[in-house]
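Raw query01.tsv, TSV, C-alpha atoms:
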chain	number	residue	atom	x	y	z
A	981	MET	CA	178.19	147.48	196.96
A	982	LYS	CA	175.30	146.77	194.65
A	983	ILE	CA	173.52	143.41	194.58
A	984	GLU	CA	171.38	142.30	191.67
A	985	ILE	CA	169.67	138.96	191.65
A	986	ALA	CA	168.60	137.76	188.25
A	987	ASP	CA	167.40	134.69	186.46
A	988	ASN	CA	169.61	133.82	183.52
A	989	LYS	CA	167.74	131.22	181.47
A	990	GLY	CA	166.24	129.84	184.65
A	991	LEU	CA	169.52	129.97	186.55
A	992	LYS	CA	169.86	132.14	189.63
A	993	VAL	CA	172.67	134.70	189.41
A	994	ILE	CA	173.82	137.12	192.10
A	995	ALA	CA	175.63	139.95	190.30
A	996	LEU	CA	177.79	142.03	192.61
A	997	SER	CA	179.52	145.33	192.06
A	998	GLY	CA	181.60	147.65	194.23
A	999	ASP	CA	183.30	146.93	197.53
A	1000	ILE	CA	182.40	143.99	199.76
A	1001	ASP	CA	183.47	144.88	203.28
A	1002	MET	CA	182.29	144.74	206.86
A	1003	HIS	CA	179.72	147.41	206.06
A	1004	SER	CA	178.20	145.77	203.00
A	1005	SER	CA	178.66	142.06	203.73
A	1006	PRO	CA	175.64	141.79	206.11
A	1007	GLU	CA	173.37	142.73	203.20
A	1008	LEU	CA	175.09	140.19	200.98
A	1009	ARG	CA	174.77	137.56	203.70
A	1010	LYS	CA	171.03	138.24	203.99
A	1011	GLU	CA	170.48	137.79	200.24
A	1012	LEU	CA	172.77	134.77	199.95
A	1013	MET	CA	171.35	132.93	202.95
A	1014	PHE	CA	167.80	133.61	201.72
A	1015	LEU	CA	168.64	131.71	198.53
A	1016	VAL	CA	170.42	129.00	200.49
A	1017	GLN	CA	167.37	128.53	202.69
A	1018	LYS	CA	165.33	128.10	199.52
A	1019	LYS	CA	167.87	125.42	198.51
A	1020	VAL	CA	168.65	127.09	195.22
A	1021	THR	CA	171.14	125.19	193.10
A	1022	PRO	CA	173.19	125.89	191.18
A	1023	LEU	CA	173.74	129.43	192.41
A	1024	PHE	CA	176.04	131.67	190.37
A	1025	VAL	CA	177.87	134.69	191.74
A	1026	ASP	CA	179.07	137.16	189.14
A	1027	PHE	CA	182.15	138.94	190.49
A	1028	ARG	CA	182.98	140.98	187.41
A	1029	GLY	CA	181.98	144.28	189.02
A	1030	VAL	CA	183.59	143.64	192.40
A	1031	SER	CA	186.42	146.03	193.19
A	1032	TYR	CA	187.31	144.91	196.70
A	1033	ILE	CA	186.66	142.12	199.19
A	1034	ASP	CA	187.76	141.74	202.79
A	1035	SER	CA	187.65	138.83	205.23
A	1036	SER	CA	184.02	139.53	206.17
A	1037	GLY	CA	183.00	139.13	202.53
A	1038	ILE	CA	184.96	135.92	202.22
A	1039	ALA	CA	183.41	134.62	205.45
A	1040	THR	CA	179.96	135.31	204.00
A	1041	PHE	CA	180.68	133.09	200.99
A	1042	VAL	CA	182.22	130.34	203.13
A	1043	GLU	CA	179.07	130.35	205.25
A	1044	GLY	CA	176.92	130.23	202.14
A	1045	LEU	CA	178.89	127.34	200.70
A	1046	LYS	CA	178.67	125.39	203.95
A	1047	GLY	CA	174.91	125.94	203.97
A	1048	MET	CA	174.60	124.74	200.38
A	1049	MET	CA	176.67	121.64	201.06
A	1050	THR	CA	173.97	120.44	203.45
A	1051	TYR	CA	171.62	119.88	200.47
A	1052	GLY	CA	174.21	119.15	197.81
A	1053	GLY	CA	173.96	122.63	196.29
A	1054	LYS	CA	176.51	124.09	193.89
A	1055	LEU	CA	177.91	127.58	194.40
A	1056	LYS	CA	179.70	128.80	191.28
A	1057	PHE	CA	181.82	131.95	191.05
A	1058	VAL	CA	182.21	133.70	187.72
A	1059	GLY	CA	184.58	136.41	186.47
A	1060	ILE	CA	186.67	136.97	189.58
A	1061	PRO	CA	189.03	139.93	189.03
A	1062	GLU	CA	192.76	139.16	189.30
A	1063	ARG	CA	193.28	140.98	192.58
A	1064	ILE	CA	190.40	139.18	194.27
A	1065	MET	CA	191.56	135.87	192.83
A	1066	GLU	CA	194.94	136.46	194.44
A	1067	ILE	CA	193.22	136.85	197.82
A	1068	PHE	CA	191.22	133.67	197.27
A	1069	CYS	CA	194.43	131.81	196.39
A	1070	PHE	CA	196.24	133.10	199.47
A	1071	ALA	CA	193.34	131.92	201.62
A	1072	LYS	CA	193.40	128.56	199.78
A	1073	LEU	CA	189.80	129.11	198.74
A	1074	ASP	CA	190.51	128.68	195.05
A	1075	LYS	CA	190.45	124.95	195.81
A	1076	VAL	CA	187.24	125.18	197.80
A	1077	PHE	CA	184.98	127.22	195.54
A	1078	GLU	CA	184.07	126.39	191.98
A	1079	ILE	CA	185.55	129.23	189.93
A	1080	TYR	CA	184.92	129.90	186.24
A	1081	GLY	CA	185.96	132.57	183.79
A	1082	THR	CA	182.58	133.00	182.13
A	1083	MET	CA	178.94	132.18	182.68
A	1084	ASN	CA	179.10	129.80	179.72
A	1085	ASP	CA	181.93	127.84	181.35
A	1086	ALA	CA	180.07	127.77	184.65
A	1087	CYS	CA	176.85	126.58	183.03
A	1088	ASN	CA	178.50	123.86	180.98
A	1089	ARG	CA	180.15	122.09	183.93
B	938	MET	CA	196.28	161.37	210.84
B	939	ILE	CA	192.61	160.57	210.41
B	940	THR	CA	189.92	160.00	213.01
B	941	ILE	CA	186.80	158.06	212.09
B	942	PRO	CA	183.72	156.93	214.00
B	943	SER	CA	183.74	153.21	214.75
B	944	HIS	CA	181.06	152.50	212.16
B	945	PRO	CA	181.83	150.12	209.29
B	946	ARG	CA	180.55	152.67	206.78
B	947	TYR	CA	183.76	154.63	207.36
B	948	LEU	CA	186.04	151.76	206.36
B	949	SER	CA	185.91	152.98	202.77
B	950	VAL	CA	187.42	156.28	203.97
B	951	ILE	CA	190.24	154.41	205.69
B	952	ARG	CA	190.91	152.39	202.53
B	953	SER	CA	191.00	155.50	200.41
B	954	VAL	CA	193.40	157.35	202.71
B	955	THR	CA	195.61	154.29	203.12
B	956	ALA	CA	195.86	153.85	199.36
B	957	THR	CA	196.77	157.51	198.93
B	958	MET	CA	199.49	157.28	201.59
B	959	ALA	CA	200.85	154.12	199.97
B	960	ASP	CA	200.94	155.99	196.66
B	961	ILE	CA	202.89	158.82	198.27
B	962	TYR	CA	205.30	156.24	199.71
B	963	GLY	CA	205.75	154.96	196.18
B	964	MET	CA	204.31	151.48	196.57
B	965	ALA	CA	203.57	149.36	193.56
B	966	ASP	CA	199.92	148.51	192.90
B	967	ARG	CA	199.95	145.05	194.44
B	968	ALA	CA	201.62	146.24	197.65
B	969	ARG	CA	199.24	149.20	197.88
B	970	GLU	CA	196.23	146.86	197.65
B	971	ASP	CA	197.72	144.58	200.32
B	972	VAL	CA	198.29	147.50	202.67
B	973	LYS	CA	194.78	148.81	202.03
B	974	LEU	CA	193.28	145.44	202.91
B	975	ALA	CA	195.45	144.99	206.00
B	976	VAL	CA	194.60	148.40	207.48
B	977	ASP	CA	190.90	147.81	206.72
B	978	GLU	CA	191.10	144.48	208.57
B	979	ALA	CA	192.85	146.06	211.55
B	980	CYS	CA	190.18	148.78	211.82
B	981	SER	CA	187.42	146.18	211.39
B	982	ASN	CA	188.94	144.29	214.32
B	983	VAL	CA	188.80	147.43	216.46
B	984	MET	CA	185.09	147.77	215.63
B	985	LYS	CA	184.37	144.11	216.34
B	986	TYR	CA	186.56	143.35	219.33
B	987	ALA	CA	187.68	146.57	221.02
B	988	TYR	CA	184.32	148.33	220.67
B	989	ARG	CA	182.13	145.20	220.38
B	990	GLY	CA	180.00	146.79	217.66
B	991	ASP	CA	179.50	150.16	219.36
B	992	THR	CA	179.45	152.49	216.37
B	993	GLY	CA	179.73	155.73	218.33
B	994	ARG	CA	183.40	155.51	219.36
B	995	LYS	CA	186.54	156.83	217.69
B	996	ILE	CA	189.39	155.22	215.82
B	997	VAL	CA	192.54	157.21	215.15
B	998	VAL	CA	194.78	156.13	212.30
B	999	LYS	CA	198.21	157.72	211.87
B	1000	PHE	CA	200.55	157.25	208.94
B	1001	PHE	CA	204.30	157.72	209.03
B	1002	ILE	CA	206.15	157.71	205.78
B	1003	ARG	CA	209.78	157.21	206.56
B	1004	LYS	CA	212.20	154.61	205.36
B	1005	ALA	CA	209.44	152.15	206.24
B	1006	PHE	CA	205.67	152.52	205.85
B	1007	GLU	CA	204.16	152.74	209.30
B	1008	VAL	CA	200.54	152.82	210.43
B	1009	VAL	CA	199.42	153.34	214.03
B	1010	ILE	CA	195.83	152.57	214.97
B	1011	GLU	CA	194.48	153.76	218.30
B	1012	ASP	CA	191.23	153.10	220.11
B	1013	SER	CA	189.87	153.47	223.62
B	1014	GLY	CA	188.10	150.13	223.75
B	1015	ILE	CA	188.67	146.77	225.38
B	1016	LYS	CA	192.32	145.80	225.65
B	1017	ALA	CA	193.44	143.26	223.08
B	1018	ARG	CA	195.22	140.17	224.30
B	1019	PRO	CA	198.01	139.87	221.72
B	1020	GLU	CA	198.77	136.30	222.72
B	1021	SER	CA	195.24	135.27	221.75
B	1022	ILE	CA	195.30	136.91	218.32
B	1023	GLU	CA	195.84	134.15	215.86
B	1024	GLY	CA	194.13	133.51	212.56
B	1025	ARG	CA	192.63	130.16	211.79
B	1026	SER	CA	194.66	127.63	209.90
B	1027	LEU	CA	194.29	128.37	206.20
B	1028	ASP	CA	193.52	124.69	205.71
B	1029	ASP	CA	190.62	124.86	208.13
B	1030	VAL	CA	187.92	126.29	205.87
B	1031	ARG	CA	185.32	128.06	207.93
B	1032	PRO	CA	183.96	131.60	208.21
B	1033	GLY	CA	186.27	134.10	209.96
B	1034	GLY	CA	189.89	134.13	211.08
B	1035	LEU	CA	191.44	135.44	207.86
B	1036	GLY	CA	191.91	139.10	208.73
B	1037	VAL	CA	194.97	138.52	210.89
B	1038	HIS	CA	196.60	136.57	208.06
B	1039	PHE	CA	196.06	139.50	205.70
B	1040	ILE	CA	197.68	141.87	208.20
B	1041	ARG	CA	200.64	139.63	209.03
B	1042	ARG	CA	201.51	138.86	205.42
B	1043	THR	CA	201.59	142.57	204.62
B	1044	PHE	CA	203.31	144.12	207.61
B	1045	ASP	CA	206.63	143.04	209.09
B	1046	VAL	CA	205.74	144.41	212.51
B	1047	PHE	CA	202.35	143.80	214.13
B	1048	ALA	CA	202.67	144.98	217.71
B	1049	PHE	CA	200.48	146.43	220.43
B	1050	ASP	CA	202.06	149.22	222.45
B	1051	GLN	CA	201.70	148.00	226.02
B	1052	ARG	CA	202.48	151.47	227.36
B	1053	LYS	CA	199.03	152.69	226.35
B	1054	LYS	CA	196.97	152.47	229.53
B	1055	LYS	CA	193.43	152.72	228.14
B	1056	GLY	CA	192.51	151.09	224.87
B	1057	ASN	CA	194.92	149.90	222.23
B	1058	ARG	CA	197.68	151.27	220.08
B	1059	LEU	CA	198.53	148.90	217.24
B	1060	ARG	CA	201.73	149.61	215.35
B	1061	LEU	CA	202.07	148.17	211.85
B	1062	ILE	CA	205.36	148.56	210.00
B	1063	ARG	CA	206.17	147.45	206.50
B	1064	HIS	CA	209.81	147.69	205.60
B	1065	ARG	CA	210.49	148.52	202.00
B	1066	ARG	CA	210.40	145.35	199.94
B	1067	GLU	CA	211.69	144.66	196.50
B	1068	GLU	CA	208.17	144.54	195.06
B	1069	ASP	CA	207.40	147.96	196.63
B	1070	GLU	CA	210.09	149.52	194.49
B	1071	ASP	CA	208.80	148.34	191.14
B	1072	ARG	CA	207.13	151.67	190.52
B	1073	ASP	CA	210.36	153.56	191.31
B	1074	ARG	CA	212.12	151.56	188.66
B	1075	GLY	CA	209.36	152.24	186.20
B	1076	GLN	CA	208.45	148.55	185.87
Please go through the file and, once you have read it, give me the structure as structure tokens.
Amino acid sequence: MKIEIADNKGLKVIALSGDIDMHSSPELRKELMFLVQKKVTPLFVDFRGVSYIDSSGIATFVEGLKGMMTYGGKLKFVGIPERIMEIFCFAKLDKVFEIYGTMNDACNR
Amino acid sequence: MITIPSHPRYLSVIRSVTATMADIYGMADRAREDVKLAVDEACSNVMKYAYRGDTGRKIVVKFFIRKAFEVVIEDSGIKARPESIEGRSLDDVRPGGLGVHFIRRTFDVFAFDQRKKKGNRLRLIRHRREEDEDRDRGQ
């Protein structure tokens, strides 16, 4: 998994690529929780390059979201591939996370 | 059969082999991805619970391609208590507890072989489903 953290017109974006599994999710958790501790909001996660996610990756995002809720932060997911979206739907997380097709959509809401 | 060290870095190897075996079985893409995820979750559970994070142990994964698709996962760690293995409610949104759901939705049989004296032998069986045969029909 590759993690890139960028500022897109002043907005914080975590761009992920590759597999998110039990091996890579601790690194993701470290980066995500660092931003949560800084009370970043909104925080965008670009999933377009993600090829796989397991329950440890999902748990990382649930933890991040719960942390952000303590300060009213917004966690926005962008460009989730169909297969990963299916997993989110099965886990009923499509109703929990804010999910958008594009960065423009995510920024405008 | 494949043997891997109980380090999470080897999960990608398990996923790759599982996907190849599912291909050989003739599974459609969706089913292959489900099986890949479920076997990954089962091996992750061995690392977390049977070996409690000890990365120097062994996990043996066997595949049997018969009428059904069968995977057997063996370890020599702490005995699982099958009665206590239950995922969280999907409505109870919190970190963890999803892996078992991914395994159970994919495999028809999720059973620990109680005859194994030391460690665990988890048997996962997926009977052929209609969606598995899509590829055979060229859909």
Within 8 Å of chain B: each chain A residue with its shortest pair, all atoms listed in the file, as a tab-separated table:
residue	atom	partner	partner_atom	distance
A:Asp1001	CA	B:Leu948	CA	8.0
A:Met1002	CA	B:Pro945	CA	5.9
A:His1003	CA	B:Pro945	CA	4.7
A:Asp1034	CA	B:Leu974	CA	6.6
A:Ser1035	CA	B:Gly1036	CA	5.5
A:Ser1036	CA	B:Gly1033	CA	7.0
A:Ile1038	CA	B:Pro1032	CA	7.5
A:Ala1039	CA	B:Pro1032	CA	4.1
A:Thr1040	CA	B:Pro1032	CA	6.9
A:Val1042	CA	B:Pro1032	CA	5.5
A:Glu1043	CA	B:Pro1032	CA	5.9
A:Ala1071	CA	B:Leu1027	CA	5.9
A:Lys1072	CA	B:Leu1027	CA	6.5
A:Leu1073	CA	B:Val1030	CA	7.9
For CA of Phe1068 (chain A) and CA of Glu1067 (chain B), quote the distance in Å rounded to one decimal.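 Taking CA of Phe1068 (chain A) and CA of Glu1067 (chain B), their separation equals 23.2 Å.
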Pick from B:Lys999, B:Arg994, B:Arg1018, B:Arg969, whichever lies nearest to Arg1065 (chain B) using only C-alpha atoms: B:Arg969
Length of the CA of Val983 (chain B) to CA of Phe1049 (chain B) vector [Å]: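 That distance, rounded to one decimal, is 12.4 Å.
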I'd like the interatomic distance between CA of Leu1055 (chain A) and CA of Gly1037 (chain A), to a tenth of an Å. 15.0 Å
With all atoms listed in the file as the atoms that count, which of B:Gly1056, B:Pro1019, B:Gly993, B:Gly1024 lies nearest to Ile941 (chain B)?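 Of the candidates, the smallest distance to Ile941 (chain B) is held by B:Gly993.
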Surrounding residues of region 1044-1048 of chain B excluding itself and chain neighbours under 2 positions, 9 Å, all atoms listed in the file, as a list in words: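 Near neighbours after the sequence-gap exclusion: Val972, Ala975, Phe1006, Glu1007, Pro1019, Phe1039, Ile1040, Arg1041, Arg1042, Asp1050, Gln1051, Arg1058, Leu1059, Arg1060, Leu1061, Ile1062, Arg1063 and His1064 of chain B.
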Determine, counting all atoms listed in the file, which protein, DNA and RNA residues have an atom within 8 Å of an atom of Val1016 (chain A); residues of the same chain fewer than 4 positions away are not included. Present the result as a PyMOL selection string. chain A and resi 1012+1020+1044+1047-1048
Nearest to Gly990 (chain A): which of A:Leu1015, A:Ile1060, A:Val1030, A:Leu1023 is it, counting all atoms listed in the file?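 Checking each candidate against Gly990 (chain A), we get A:Leu1023 as the closest.
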Just give me the residues with any atom within 10 Å of (199.6, 155.2, 209.0), file coordinates, counting only C-alpha atoms, written as a list of chain:residue names.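 The distance filter leaves exactly B:Met938, B:Ile939, B:Ile951, B:Val954, B:Thr955, B:Met958, B:Ala959, B:Val976, B:Val997, B:Val998, B:Lys999, B:Phe1000, B:Phe1001, B:Ile1002, B:Phe1006, B:Glu1007, B:Val1008, B:Val1009, B:Ile1010, B:Arg1060, B:Leu1061, B:Ile1062.
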